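Listing of coords26.pdb, PDB, C-alpha atoms
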```
ATOM      1  CA  MET A   1      23.526  -2.010  -1.041
ATOM      2  CA  ASP A   2      21.390   1.128  -1.187
ATOM      3  CA  VAL A   3      20.476   1.824   2.456
ATOM      4  CA  GLY A   4      17.802   4.420   1.676
ATOM      5  CA  LEU A   5      16.156   2.208  -0.927
ATOM      6  CA  VAL A   6      16.087  -0.834   1.337
ATOM      7  CA  LEU A   7      14.844   0.972   4.431
ATOM      8  CA  GLY A   8      12.332   2.997   2.411
ATOM      9  CA  ALA A   9      10.160  -0.112   2.160
ATOM     10  CA  TYR A  10       9.303   0.286   5.856
ATOM     11  CA  ARG A  11       8.141   3.894   5.572
ATOM     12  CA  ARG A  12       4.380   4.552   5.759
ATOM     13  CA  GLY A  13       3.918   7.818   3.944
ATOM     14  CA  SER A  14       5.296  11.270   4.610
ATOM     15  CA  GLY A  15       5.416  12.147   8.274
ATOM     16  CA  ASP A  16       5.534   8.518   9.435
ATOM     17  CA  PRO A  17       6.192   8.795  13.211
ATOM     18  CA  ALA A  18       8.148   5.508  13.107
ATOM     19  CA  TRP A  19      10.471   6.441  10.196
ATOM     20  CA  ARG A  20      12.467   9.607   9.547
ATOM     21  CA  VAL A  21      15.518  10.899   7.721
ATOM     22  CA  GLY A  22      17.720  13.070   9.901
ATOM     23  CA  ALA A  23      19.313  16.350   8.837
ATOM     24  CA  ASP A  24      22.578  14.456   8.273
ATOM     25  CA  GLY A  25      20.934  11.925   5.944
ATOM     26  CA  ALA A  26      20.827   9.085   8.481
ATOM     27  CA  VAL A  27      17.666   6.961   8.504
ATOM     28  CA  TRP A  28      15.850   6.605  11.822
ATOM     29  CA  ARG A  29      13.374   3.855  12.548
ATOM     30  CA  THR A  30      11.501   2.790  15.678
ATOM     31  CA  THR A  31      10.269  -0.708  16.465
ATOM     32  CA  ARG A  32       8.894  -2.789  19.310
ATOM     33  CA  THR A  33      11.144  -5.782  19.821
ATOM     34  CA  PRO A  34      10.591  -8.819  22.066
ATOM     35  CA  ASP A  35      12.712  -6.913  24.620
ATOM     36  CA  GLY A  36      10.801  -3.637  24.360
ATOM     37  CA  ALA A  37      10.909  -0.374  22.432
ATOM     38  CA  ALA A  38      13.933   0.647  20.374
ATOM     39  CA  SER A  39      15.114   3.503  18.187
ATOM     40  CA  LEU A  40      17.552   2.687  15.395
ATOM     41  CA  ARG A  41      19.774   5.107  13.489
ATOM     42  CA  VAL A  42      21.393   3.799  10.297
ATOM     43  CA  SER A  43      24.023   5.773   8.432
ATOM     44  CA  VAL A  44      26.671   5.248   5.789
ATOM     45  CA  VAL A  45      30.207   6.448   6.534
ATOM     46  CA  PRO A  46      31.139   8.978   3.798
ATOM     47  CA  GLY A  47      33.808   7.668   1.482
ATOM     48  CA  GLU A  48      33.702   4.187   2.981
ATOM     49  CA  ARG A  49      31.680   1.083   2.239
ATOM     50  CA  THR A  50      30.546   0.923   5.846
ATOM     51  CA  VAL A  51      27.068   0.984   7.388
ATOM     52  CA  VAL A  52      26.802   2.049  11.033
ATOM     53  CA  GLY A  53      23.818   1.233  13.230
ATOM     54  CA  THR A  54      23.215   2.817  16.631
ATOM     55  CA  ALA A  55      20.267   1.957  18.855
ATOM     56  CA  TRP A  56      18.626   3.084  22.098
ATOM     57  CA  GLY A  57      15.987   1.652  24.410
ATOM     58  CA  PRO A  58      15.317  -1.747  26.023
ATOM     59  CA  GLY A  59      15.277  -3.406  22.606
ATOM     60  CA  ALA A  60      18.554  -1.863  21.398
ATOM     61  CA  GLY A  61      20.514  -5.118  21.471
ATOM     62  CA  TRP A  62      17.807  -7.028  19.631
ATOM     63  CA  VAL A  63      17.408  -4.442  16.887
ATOM     64  CA  LEU A  64      21.185  -4.249  16.332
ATOM     65  CA  ASP A  65      21.361  -8.044  16.046
ATOM     66  CA  MET A  66      18.605  -7.779  13.427
ATOM     67  CA  LEU A  67      20.248  -4.963  11.469
ATOM     68  CA  PRO A  68      21.885  -7.186   8.802
ATOM     69  CA  ALA A  69      18.548  -8.917   8.134
ATOM     70  CA  LEU A  70      16.756  -5.550   8.073
ATOM     71  CA  LEU A  71      19.159  -4.436   5.353
ATOM     72  CA  GLY A  72      18.712  -7.606   3.306
ATOM     73  CA  ALA A  73      21.627  -9.804   4.353
ATOM     74  CA  ASP A  74      19.316 -12.841   4.174
ATOM     75  CA  ASP A  75      17.960 -11.895   0.755
ATOM     76  CA  ASP A  76      18.762 -14.783  -1.580
ATOM     77  CA  VAL A  77      19.345 -13.307  -5.043
ATOM     78  CA  SER A  78      20.830 -16.508  -6.463
ATOM     79  CA  GLY A  79      19.330 -17.289  -9.816
ATOM     80  CA  PHE A  80      17.717 -13.893 -10.291
ATOM     81  CA  ALA A  81      20.360 -12.646 -12.718
ATOM     82  CA  ASN A  82      19.637 -15.598 -15.023
ATOM     83  CA  LEU A  83      15.880 -15.004 -14.797
ATOM     84  CA  ALA A  84      16.343 -11.312 -15.553
ATOM     85  CA  ALA A  85      18.653 -12.060 -18.484
ATOM     86  CA  ALA A  86      16.045 -14.364 -19.999
ATOM     87  CA  GLY A  87      13.130 -12.065 -19.171
ATOM     88  CA  HIS A  88      11.943  -8.588 -20.047
ATOM     89  CA  SER A  89      14.485  -5.941 -20.975
ATOM     90  CA  VAL A  90      12.856  -3.466 -18.554
ATOM     91  CA  VAL A  91      13.516  -5.761 -15.591
ATOM     92  CA  ARG A  92      17.064  -6.361 -16.727
ATOM     93  CA  ASP A  93      17.794  -2.655 -17.237
ATOM     94  CA  VAL A  94      16.257  -1.457 -13.950
ATOM     95  CA  ALA A  95      18.049  -4.207 -11.999
ATOM     96  CA  ARG A  96      21.299  -2.991 -13.548
ATOM     97  CA  ARG A  97      20.522   0.616 -12.524
ATOM     98  CA  HIS A  98      19.613  -0.380  -8.951
ATOM     99  CA  PRO A  99      22.123  -3.031  -7.898
ATOM    100  CA  GLY A 100      21.676  -1.950  -4.275
ATOM    101  CA  LEU A 101      18.082  -3.161  -3.983
ATOM    102  CA  ARG A 102      17.645  -5.807  -1.286
ATOM    103  CA  ILE A 103      14.498  -7.229   0.301
ATOM    104  CA  GLY A 104      15.036  -6.922   4.040
ATOM    105  CA  ARG A 105      12.961  -8.222   6.933
ATOM    106  CA  THR A 106      11.983  -6.645  10.235
ATOM    107  CA  GLY A 107      11.122  -9.891  12.041
ATOM    108  CA  ARG A 108       8.077  -8.127  13.552
ATOM    109  CA  VAL A 109       4.708  -9.206  12.179
ATOM    110  CA  PHE A 110       2.169  -7.150  14.091
ATOM    111  CA  GLU A 111       3.831  -3.801  13.400
ATOM    112  CA  ALA A 112       3.670  -4.664   9.682
ATOM    113  CA  LEU A 113       0.084  -5.901  10.005
ATOM    114  CA  VAL A 114      -1.464  -2.742  11.465
ATOM    115  CA  PRO A 115      -0.516  -0.295   8.679
ATOM    116  CA  ALA A 116      -1.235  -2.933   6.026
ATOM    117  CA  VAL A 117      -4.784  -3.320   7.343
ATOM    118  CA  LEU A 118      -5.186   0.451   7.546
ATOM    119  CA  GLU A 119      -4.219   0.615   3.850
ATOM    120  CA  GLN A 120      -6.933  -1.835   2.788
ATOM    121  CA  LYS A 121      -9.220  -0.444   0.057
ATOM    122  CA  VAL A 122      -8.350   3.193   0.734
ATOM    123  CA  VAL A 123      -5.928   5.672  -0.763
ATOM    124  CA  GLY A 124      -2.534   5.932   0.899
ATOM    125  CA  ARG A 125      -3.085   9.425   2.332
ATOM    126  CA  GLU A 126      -6.123   8.225   4.251
ATOM    127  CA  ALA A 127      -4.328   5.201   5.717
ATOM    128  CA  TRP A 128      -1.195   7.150   6.629
ATOM    129  CA  ARG A 129      -3.253   9.815   8.392
ATOM    130  CA  ALA A 130      -4.827   7.111  10.564
ATOM    131  CA  TRP A 131      -1.398   5.558  11.261
ATOM    132  CA  ARG A 132       0.010   8.937  12.362
ATOM    133  CA  TRP A 133      -2.980   9.667  14.596
ATOM    134  CA  LEU A 134      -2.971   6.279  16.321
ATOM    135  CA  LEU A 135       0.770   6.311  16.993
ATOM    136  CA  GLY A 136       0.533   9.872  18.240
ATOM    137  CA  LYS A 137      -2.242   8.915  20.670
ATOM    138  CA  TYR A 138      -1.167   5.429  21.779
ATOM    139  CA  GLY A 139       2.493   5.035  20.828
ATOM    140  CA  GLU A 140       5.268   5.903  23.246
ATOM    141  CA  PRO A 141       8.024   8.470  22.606
ATOM    142  CA  ALA A 142      11.023   7.046  20.785
ATOM    143  CA  PRO A 143      13.973   6.230  23.091
ATOM    144  CA  GLY A 144      17.225   8.123  22.745
ATOM    145  CA  PRO A 145      17.962  11.260  20.720
ATOM    146  CA  ALA A 146      15.521  10.399  17.919
ATOM    147  CA  PRO A 147      14.077  13.224  15.809
ATOM    148  CA  GLU A 148      11.274  15.112  17.484
ATOM    149  CA  GLY A 149       7.853  13.510  17.174
ATOM    150  CA  MET A 150       9.002   9.958  16.571
ATOM    151  CA  ARG A 151       6.872   7.290  18.248
ATOM    152  CA  VAL A 152       7.083   3.547  18.879
ATOM    153  CA  VAL A 153       4.189   1.355  17.772
ATOM    154  CA  PRO A 154       2.181   0.215  20.817
ATOM    155  CA  PRO A 155       2.092  -3.481  21.807
ATOM    156  CA  PRO A 156      -0.808  -5.724  20.741
ATOM    157  CA  GLU A 157      -2.537  -5.488  24.129
ATOM    158  CA  VAL A 158      -2.870  -1.713  23.693
ATOM    159  CA  TRP A 159      -4.409  -2.065  20.222
ATOM    160  CA  ARG A 160      -7.001  -4.422  21.711
ATOM    161  CA  LEU A 161      -8.158  -1.720  24.141
ATOM    162  CA  ILE A 162      -8.492   1.234  21.746
ATOM    163  CA  PRO A 163     -12.120   2.420  22.031
ATOM    164  CA  SER A 164     -14.365   2.696  18.994
ATOM    165  CA  TRP A 165     -14.477   6.497  19.164
ATOM    166  CA  ASP A 166     -10.715   6.764  18.802
ATOM    167  CA  TRP A 167     -10.727   4.485  15.766
ATOM    168  CA  HIS A 168     -13.338   6.885  14.385
ATOM    169  CA  ARG A 169     -11.195   9.927  15.230
ATOM    170  CA  ALA A 170      -8.274   8.293  13.454
ATOM    171  CA  GLY A 171     -10.421   7.826  10.342
ATOM    172  CA  ALA A 172     -10.522   4.011  10.424
ATOM    173  CA  GLU A 173     -13.976   2.488  10.088
ATOM    174  CA  ALA A 174     -15.202  -0.450  12.173
ATOM    175  CA  VAL A 175     -14.208  -3.197   9.702
ATOM    176  CA  ARG A 176     -10.509  -2.340   9.712
ATOM    177  CA  ALA A 177     -10.560  -1.686  13.458
ATOM    178  CA  ARG A 178     -12.069  -5.129  14.143
ATOM    179  CA  THR A 179      -9.468  -6.783  11.909
ATOM    180  CA  ILE A 180      -6.598  -5.197  13.855
ATOM    181  CA  VAL A 181      -8.130  -5.901  17.267
ATOM    182  CA  ASN A 182      -8.755  -9.544  16.395
ATOM    183  CA  ALA A 183      -5.241  -9.960  14.969
ATOM    184  CA  ALA A 184      -3.822  -8.531  18.205
ATOM    185  CA  ARG A 185      -5.282 -11.535  20.045
ATOM    186  CA  HIS A 186      -3.162 -13.843  17.848
ATOM    187  CA  ALA A 187      -0.011 -11.716  17.740
ATOM    188  CA  ALA A 188       2.121 -14.126  19.806
ATOM    189  CA  LYS A 189       1.528 -16.983  17.362
ATOM    190  CA  LEU A 190       2.355 -14.753  14.384
ATOM    191  CA  GLU A 191       5.560 -13.497  15.990
ATOM    192  CA  ALA A 192       6.604 -17.106  16.662
ATOM    193  CA  VAL A 193       6.451 -17.772  12.921
ATOM    194  CA  ALA A 194       8.630 -14.705  12.317
ATOM    195  CA  ALA A 195      11.194 -16.114  14.734
ATOM    196  CA  ALA A 196      11.134 -19.396  12.790
ATOM    197  CA  VAL A 197      11.942 -17.510   9.591
ATOM    198  CA  GLY A 198      15.001 -16.022  11.282
ATOM    199  CA  GLU A 199      16.180 -19.436  12.417
ATOM    200  CA  ALA A 200      15.687 -21.121   9.038
ATOM    201  CA  PRO A 201      19.126 -21.966   7.611
ATOM    202  CA  SER A 202      18.116 -22.024   3.938
ATOM    203  CA  GLY A 203      16.054 -19.989   1.523
ATOM    204  CA  ALA A 204      13.733 -22.933   0.943
ATOM    205  CA  GLU A 205      13.004 -23.240   4.660
ATOM    206  CA  ARG A 206      12.403 -19.508   4.965
ATOM    207  CA  ALA A 207       9.981 -19.717   2.049
ATOM    208  CA  ALA A 208       8.164 -22.584   3.776
ATOM    209  CA  ALA A 209       7.901 -20.527   6.985
ATOM    210  CA  SER A 210       6.520 -17.591   5.017
ATOM    211  CA  ALA A 211       3.952 -19.896   3.412
ATOM    212  CA  GLU A 212       2.891 -21.042   6.892
ATOM    213  CA  ALA A 213       2.581 -17.403   7.928
ATOM    214  CA  ASP A 214       0.403 -16.786   4.858
ATOM    215  CA  ARG A 215      -1.896 -19.604   5.958
ATOM    216  CA  LEU A 216      -2.160 -18.258   9.510
ATOM    217  CA  LEU A 217      -2.664 -14.663   8.407
ATOM    218  CA  ARG A 218      -5.386 -15.486   5.900
ATOM    219  CA  ALA A 219      -7.207 -17.546   8.520
ATOM    220  CA  LEU A 220      -7.828 -14.284  10.393
ATOM    221  CA  PRO A 221     -11.039 -12.428   9.464
ATOM    222  CA  GLY A 222     -10.346  -9.386   7.319
ATOM    223  CA  ILE A 223      -6.911 -10.474   6.073
ATOM    224  CA  GLY A 224      -6.712 -11.645   2.490
ATOM    225  CA  VAL A 225      -4.110 -12.209  -0.201
ATOM    226  CA  TRP A 226      -3.060  -8.563  -0.550
ATOM    227  CA  THR A 227      -2.686  -7.858   3.164
ATOM    228  CA  SER A 228      -0.794 -11.089   3.802
ATOM    229  CA  ALA A 229       1.650 -10.298   1.000
ATOM    230  CA  GLU A 230       2.250  -6.760   2.265
ATOM    231  CA  ILE A 231       2.994  -8.119   5.742
ATOM    232  CA  ARG A 232       5.289 -10.920   4.583
ATOM    233  CA  GLN A 233       7.266  -8.654   2.282
ATOM    234  CA  ARG A 234       8.346  -6.552   5.256
ATOM    235  CA  ALA A 235       8.251  -8.878   8.262
ATOM    236  CA  PHE A 236       9.686 -11.958   6.504
ATOM    237  CA  GLY A 237      11.592 -10.433   3.582
ATOM    238  CA  ASP A 238       9.619 -12.622   1.167
ATOM    239  CA  ALA A 239      10.872 -11.646  -2.291
ATOM    240  CA  ASP A 240       8.123 -13.714  -3.949
ATOM    241  CA  ALA A 241       5.058 -12.344  -2.092
ATOM    242  CA  VAL A 242       2.960 -10.642  -4.781
ATOM    243  CA  SER A 243       0.466  -7.957  -3.731
ATOM    244  CA  VAL A 244      -2.466  -9.429  -5.645
ATOM    245  CA  GLY A 245      -5.466  -7.135  -5.376
ATOM    246  CA  ASP A 246      -3.440  -3.914  -5.393
ATOM    247  CA  TYR A 247      -5.208  -0.962  -6.998
ATOM    248  CA  HIS A 248      -2.202   0.172  -9.075
ATOM    249  CA  LEU A 249       0.291  -2.696  -9.341
ATOM    250  CA  PRO A 250      -1.275  -4.782 -12.160
ATOM    251  CA  SER A 251      -1.478  -1.724 -14.408
ATOM    252  CA  LEU A 252       2.110  -0.762 -13.626
ATOM    253  CA  VAL A 253       3.433  -4.272 -14.291
ATOM    254  CA  GLY A 254       1.415  -4.653 -17.491
ATOM    255  CA  TRP A 255       2.431  -1.260 -18.842
ATOM    256  CA  ALA A 256       6.125  -1.636 -17.989
ATOM    257  CA  LEU A 257       6.471  -5.150 -19.394
ATOM    258  CA  THR A 258       4.086  -5.096 -22.378
ATOM    259  CA  GLY A 259       2.989  -1.505 -22.945
ATOM    260  CA  ARG A 260      -0.597  -2.439 -22.008
ATOM    261  CA  LYS A 261      -2.444  -2.323 -18.700
ATOM    262  CA  THR A 262      -3.588  -5.641 -17.269
ATOM    263  CA  ASP A 263      -5.450  -7.152 -14.320
ATOM    264  CA  ASP A 264      -4.315  -9.420 -11.480
ATOM    265  CA  ALA A 265      -4.485 -12.572 -13.599
ATOM    266  CA  GLY A 266      -2.459 -10.926 -16.356
ATOM    267  CA  MET A 267       0.082  -9.630 -13.853
ATOM    268  CA  LEU A 268       0.581 -13.115 -12.415
ATOM    269  CA  ARG A 269       1.142 -14.527 -15.918
ATOM    270  CA  LEU A 270       3.760 -11.861 -16.627
ATOM    271  CA  LEU A 271       5.516 -12.480 -13.320
ATOM    272  CA  ALA A 272       5.358 -16.281 -13.511
ATOM    273  CA  PRO A 273       8.821 -16.655 -15.158
ATOM    274  CA  TYR A 274      10.319 -14.851 -12.138
ATOM    275  CA  ARG A 275       8.870 -17.196  -9.502
ATOM    276  CA  GLY A 276      10.824 -16.848  -6.302
ATOM    277  CA  HIS A 277      11.462 -13.173  -7.105
ATOM    278  CA  ARG A 278       8.056 -11.829  -8.124
ATOM    279  CA  HIS A 279       7.917  -9.153  -5.410
ATOM    280  CA  ARG A 280      11.471  -8.140  -6.318
ATOM    281  CA  VAL A 281      10.378  -7.664  -9.934
ATOM    282  CA  ALA A 282       7.362  -5.636  -8.800
ATOM    283  CA  ARG A 283       9.713  -3.360  -6.830
ATOM    284  CA  LEU A 284      11.891  -2.951  -9.915
ATOM    285  CA  VAL A 285       8.835  -2.101 -12.007
ATOM    286  CA  GLU A 286       7.926   0.614  -9.503
ATOM    287  CA  LEU A 287      11.483   1.946  -9.682
ATOM    288  CA  SER A 288      11.366   2.035 -13.492
ATOM    289  CA  GLY A 289       9.155   5.131 -13.444
ATOM    290  CA  LEU A 290       7.038   3.697 -16.275
ATOM    291  CA  ARG A 291       3.381   4.593 -15.771
ATOM    292  CA  PRO A 292       0.293   4.245 -17.957
ATOM    293  CA  PRO A 293      -1.239   7.582 -18.971
ATOM    294  CA  ALA A 294      -3.830   8.915 -16.542
ATOM    295  CA  ARG A 295      -7.337   8.812 -18.016
ATOM    296  CA  GLY A 296      -9.441   9.941 -15.105
ATOM    297  CA  PRO A 297      -9.409  11.727 -11.748
ATOM    298  CA  ARG A 298      -7.436  10.243  -8.895
ATOM    299  CA  MET A 299      -9.367   8.390  -6.218
ATOM    300  CA  ALA A 300     -10.338  10.873  -3.535
ATOM    301  CA  ALA A 301      -9.412  10.311   0.095
ATOM    302  CA  ARG A 302     -12.470   9.643   2.229
ATOM    303  CA  ASP A 303     -12.719  10.986   5.736
ATOM    304  CA  PHE A 304     -14.571   8.545   8.010
ATOM    305  CA  ARG A 305     -14.299  11.061  10.838
ATOM    306  CA  ALA A 306     -17.105  13.044   9.215
ATOM    307  CA  PHE A 307     -19.478  10.027   9.051
TER     308      PHE A 307
END
```
Once you've parsed the file, please lay out its structure as structure tokens.
Amino acid sequence: MDVGLVLGAYRRGSGDPAWRVGADGAVWRTTRTPDGAASLRVSVVPGERTVVGTAWGPGAGWVLDMLPALLGADDDVSGFANLAAAGHSVVRDVARRHPGLRIGRTGRVFEALVPAVLEQKVVGREAWRAWRWLLGKYGEPAPGPAPEGMRVVPPPEVWRLIPSWDWHRAGAEAVRARTIVNAARHAAKLEAVAAAVGEAPSGAERAAASAEADRLLRALPGIGVWTSAEIRQRAFGDADAVSVGDYHLPSLVGWALTGRKTDDAGMLRLLAPYRGHRHRVARLVELSGLRPPARGPRMAARDFRAF
């Protein structure tokens, strides 16, 4: 298992107040558990095949109980080797180079939902700036000896009370703000589904719980296929949740697997033989480093604060 690779999926850009790497190489992460705020430090003992987790705050016990799942202990890779062997050579080769890739789960839906909504239809830098500003203003300081500046995501009831002018200062326009505020009203129901995923004894039952979460998420105004997939990948560890509608992913998948860029429909056709592991394959494609040649300027970051 590659700890940095697995935990890197939860990072929201450089300077994420909820995710840091310490000077000693340990990964720090904050979360809001059912028991309250928690800081988690995850390190690998040099020379040993041992992962050590240490936690602080009211939610320390909960987050330590969740540590194996966070690192991908529930990730069912059965059958993937056969699919990769029968599939594209790129997938097979990258999987061989990154045997430590696991799809972990946080068990916390709303803290995955907020940054996913902020990332809707904007470049990453714009969304991450808003995430940093909102956690800096409304998050609480991380418990314990966490790196300076780390914050814990506020609870849903706080998100519901953020005034419109602070959404504007963060750089999030009214549509994304309304989506987050409305989702905060339904957070308890969404977290209950996450708990059901953790209690499911089999991969098939976890997949069914993730499908139910997809239905509930997409019933909320402003949350579509892409946002639901981004949430379920992290909160539920769904290795099959494809980020349909992503600005870059179809081109990356098409180029890596066929040498030609494609659209969402083409990406789904290419990933169809890997059903059950389509998000895993997308992660491997991203790790391959294969990119289509740039043929135009990058999308510029907008600044809604100036509107």
So that each row is one residue of region 48-128 of chain A with an atom at most 12 Å from region 206-218 of chain A, can you give its shortest atom pair and the distance in Å to one decimal, using only C-alpha atoms, rows by chain and rising number, as JSON lines?
```
{"residue": "A:Asp74", "atom": "CA", "partner": "A:Arg206", "partner_atom": "CA", "distance": 9.6}
{"residue": "A:Asp75", "atom": "CA", "partner": "A:Arg206", "partner_atom": "CA", "distance": 10.3}
{"residue": "A:Asp76", "atom": "CA", "partner": "A:Arg206", "partner_atom": "CA", "distance": 10.3}
{"residue": "A:Arg105", "atom": "CA", "partner": "A:Arg206", "partner_atom": "CA", "distance": 11.5}
{"residue": "A:Gly107", "atom": "CA", "partner": "A:Ser210", "partner_atom": "CA", "distance": 11.4}
{"residue": "A:Val109", "atom": "CA", "partner": "A:Ala213", "partner_atom": "CA", "distance": 9.5}
{"residue": "A:Phe110", "atom": "CA", "partner": "A:Leu217", "partner_atom": "CA", "distance": 10.6}
{"residue": "A:Ala112", "atom": "CA", "partner": "A:Leu217", "partner_atom": "CA", "distance": 11.9}
{"residue": "A:Leu113", "atom": "CA", "partner": "A:Leu217", "partner_atom": "CA", "distance": 9.3}
{"residue": "A:Val117", "atom": "CA", "partner": "A:Leu217", "partner_atom": "CA", "distance": 11.6}
```
>> Applying 7 Å and all atoms listed in the file, which residues near region 44-58 of chain A remain after dropping the ones on its own chain fewer than 6 positions away? List them as number ranges by chain.
In response: A: 35-38, 64, 143-144
Residues from the last selection, C-alpha atoms, saved as a PDB file, in the frame of the given file:
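New file selection-v1.pdb:
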```pdb
ATOM      1  CA  ASP A  35      12.712  -6.913  24.620  1.00  0.00           C
ATOM      2  CA  GLY A  36      10.801  -3.637  24.360  1.00  0.00           C
ATOM      3  CA  ALA A  37      10.909  -0.374  22.432  1.00  0.00           C
ATOM      4  CA  ALA A  38      13.933   0.647  20.374  1.00  0.00           C
ATOM      5  CA  LEU A  64      21.185  -4.249  16.332  1.00  0.00           C
ATOM      6  CA  PRO A 143      13.973   6.230  23.091  1.00  0.00           C
ATOM      7  CA  GLY A 144      17.225   8.123  22.745  1.00  0.00           C
TER       8      GLY A 144
END
```
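For the set A:Arg108, A:His186, A:Arg125, A:Arg275, the residue with the smallest atom-to-atom gap to Ala235 (chain A) is A:Arg108, counting all atoms listed in the file.
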>> At a cut-off of 12 Å, using all atoms listed in the file, what residues contact Pro17 (chain A)? Leave out same-chain residues fewer than 2 positions from it and give the result as a PyMOL selection string.
In response: chain A and resi 10-15+19-21+28-31+39+128-142+146-153
> Which residues come within 9 Å of Arg278 (chain A), counting all atoms listed in the file, excluding same-chain residues fewer than 3 positions away, as a VMD selection string?
Replying inline: chain A and resid 239 to 242 268 271 to 275 281 to 283
Step by step, gather every atom of region 238-250 of chain A that the file lists, find the box along x, y and z that holds them, add 8 Å on each side, and finally give centre and edge lengths in Å to one decimal, as JSON.
```
{"center_x": 2.7, "center_y": -6.8, "center_z": -5.5, "size_x": 32.3, "size_y": 29.9, "size_z": 29.3}
```
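Taking CA of Gly8 (chain A) and CA of Glu111 (chain A) as the two end points, the separation is 15.5 Å.
Put simply, CA of Leu257 (chain A) is 14.6 Å away from CA of His279 (chain A).
You can rank A:Ala170, A:Ala95, A:Ala187, A:Ala18 by their closest distance to Glu126 (chain A) using all atoms listed in the file, and at the top of that list sits A:Ala170.
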>> Residue by residue, what does the PyMOL selection byres ((chain A and resi 292) around 12) grab here? Present the result as a ChimeraX atom specification.
In response: /A:248-262,286,289-291,293-296
When you look at region 159-168 of chain A with a cut-off of 10 Å (counting all atoms listed in the file), what residues show up, excluding the ones that are within fewer than 5 positions of it in the same chain? I need them as a PDB file with C-alpha atoms, in the frame of the given file.
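Writing the result to part.pdb gives the following:
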```pdb
ATOM      1  CA  VAL A 114      -1.464  -2.742  11.465  1.00  0.00           C
ATOM      2  CA  ALA A 130      -4.827   7.111  10.564  1.00  0.00           C
ATOM      3  CA  TRP A 133      -2.980   9.667  14.596  1.00  0.00           C
ATOM      4  CA  LEU A 134      -2.971   6.279  16.321  1.00  0.00           C
ATOM      5  CA  LYS A 137      -2.242   8.915  20.670  1.00  0.00           C
ATOM      6  CA  TYR A 138      -1.167   5.429  21.779  1.00  0.00           C
ATOM      7  CA  GLY A 139       2.493   5.035  20.828  1.00  0.00           C
ATOM      8  CA  VAL A 153       4.189   1.355  17.772  1.00  0.00           C
ATOM      9  CA  PRO A 154       2.181   0.215  20.817  1.00  0.00           C
ATOM     10  CA  GLU A 173     -13.976   2.488  10.088  1.00  0.00           C
ATOM     11  CA  ALA A 174     -15.202  -0.450  12.173  1.00  0.00           C
ATOM     12  CA  ARG A 176     -10.509  -2.340   9.712  1.00  0.00           C
ATOM     13  CA  ALA A 177     -10.560  -1.686  13.458  1.00  0.00           C
ATOM     14  CA  ARG A 178     -12.069  -5.129  14.143  1.00  0.00           C
ATOM     15  CA  ILE A 180      -6.598  -5.197  13.855  1.00  0.00           C
ATOM     16  CA  VAL A 181      -8.130  -5.901  17.267  1.00  0.00           C
ATOM     17  CA  ASN A 182      -8.755  -9.544  16.395  1.00  0.00           C
ATOM     18  CA  ALA A 183      -5.241  -9.960  14.969  1.00  0.00           C
ATOM     19  CA  ALA A 184      -3.822  -8.531  18.205  1.00  0.00           C
ATOM     20  CA  ARG A 185      -5.282 -11.535  20.045  1.00  0.00           C
ATOM     21  CA  ASP A 303     -12.719  10.986   5.736  1.00  0.00           C
ATOM     22  CA  PHE A 304     -14.571   8.545   8.010  1.00  0.00           C
ATOM     23  CA  ARG A 305     -14.299  11.061  10.838  1.00  0.00           C
ATOM     24  CA  ALA A 306     -17.105  13.044   9.215  1.00  0.00           C
ATOM     25  CA  PHE A 307     -19.478  10.027   9.051  1.00  0.00           C
TER      26      PHE A 307
END
```
>> Taking the file as I've supplied it (selection: the PyMOL selection byres ((chain A and resi 77) around 10)), which residues are included? Please answer as a ChimeraX atom specification.
In response: /A:74-76,78-81,102-103,203,239,276-277,280
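Counting from CA of Leu71 (chain A), the distance to CA of Ala116 (chain A) is 20.5 Å.
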Can you save region 165-186 of chain A of the given block to a file, including C-alpha atoms and formatted as an mmCIF file, in the first residue's frame?
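What landed in out-v3.cif:
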```cif
data_model
loop_
_atom_site.group_PDB
_atom_site.id
_atom_site.type_symbol
_atom_site.label_atom_id
_atom_site.label_comp_id
_atom_site.auth_asym_id
_atom_site.auth_seq_id
_atom_site.Cartn_x
_atom_site.Cartn_y
_atom_site.Cartn_z
ATOM 1 C CA TRP A 165 -21.459 38.251 1.108
ATOM 2 C CA ASP A 166 -19.025 35.706 2.505
ATOM 3 C CA TRP A 167 -19.776 33.268 -0.305
ATOM 4 C CA HIS A 168 -18.967 36.187 -2.609
ATOM 5 C CA ARG A 169 -15.726 36.945 -0.746
ATOM 6 C CA ALA A 170 -14.749 33.299 -1.074
ATOM 7 C CA GLY A 171 -15.296 33.487 -4.839
ATOM 8 C CA ALA A 172 -18.281 31.111 -4.986
ATOM 9 C CA GLU A 173 -21.270 32.407 -6.924
ATOM 10 C CA ALA A 174 -24.871 32.017 -5.760
ATOM 11 C CA VAL A 175 -25.598 28.761 -7.633
ATOM 12 C CA ARG A 176 -22.871 26.761 -5.905
ATOM 13 C CA ALA A 177 -23.623 28.417 -2.566
ATOM 14 C CA ARG A 178 -27.313 27.450 -2.798
ATOM 15 C CA THR A 179 -26.382 23.866 -3.681
ATOM 16 C CA ILE A 180 -24.197 23.531 -0.573
ATOM 17 C CA VAL A 181 -26.705 25.225 1.735
ATOM 18 C CA ASN A 182 -29.543 23.018 0.508
ATOM 19 C CA ALA A 183 -27.421 19.863 0.816
ATOM 20 C CA ALA A 184 -26.591 20.842 4.406
ATOM 21 C CA ARG A 185 -30.294 20.494 5.242
ATOM 22 C CA HIS A 186 -30.144 16.830 4.144
#
```
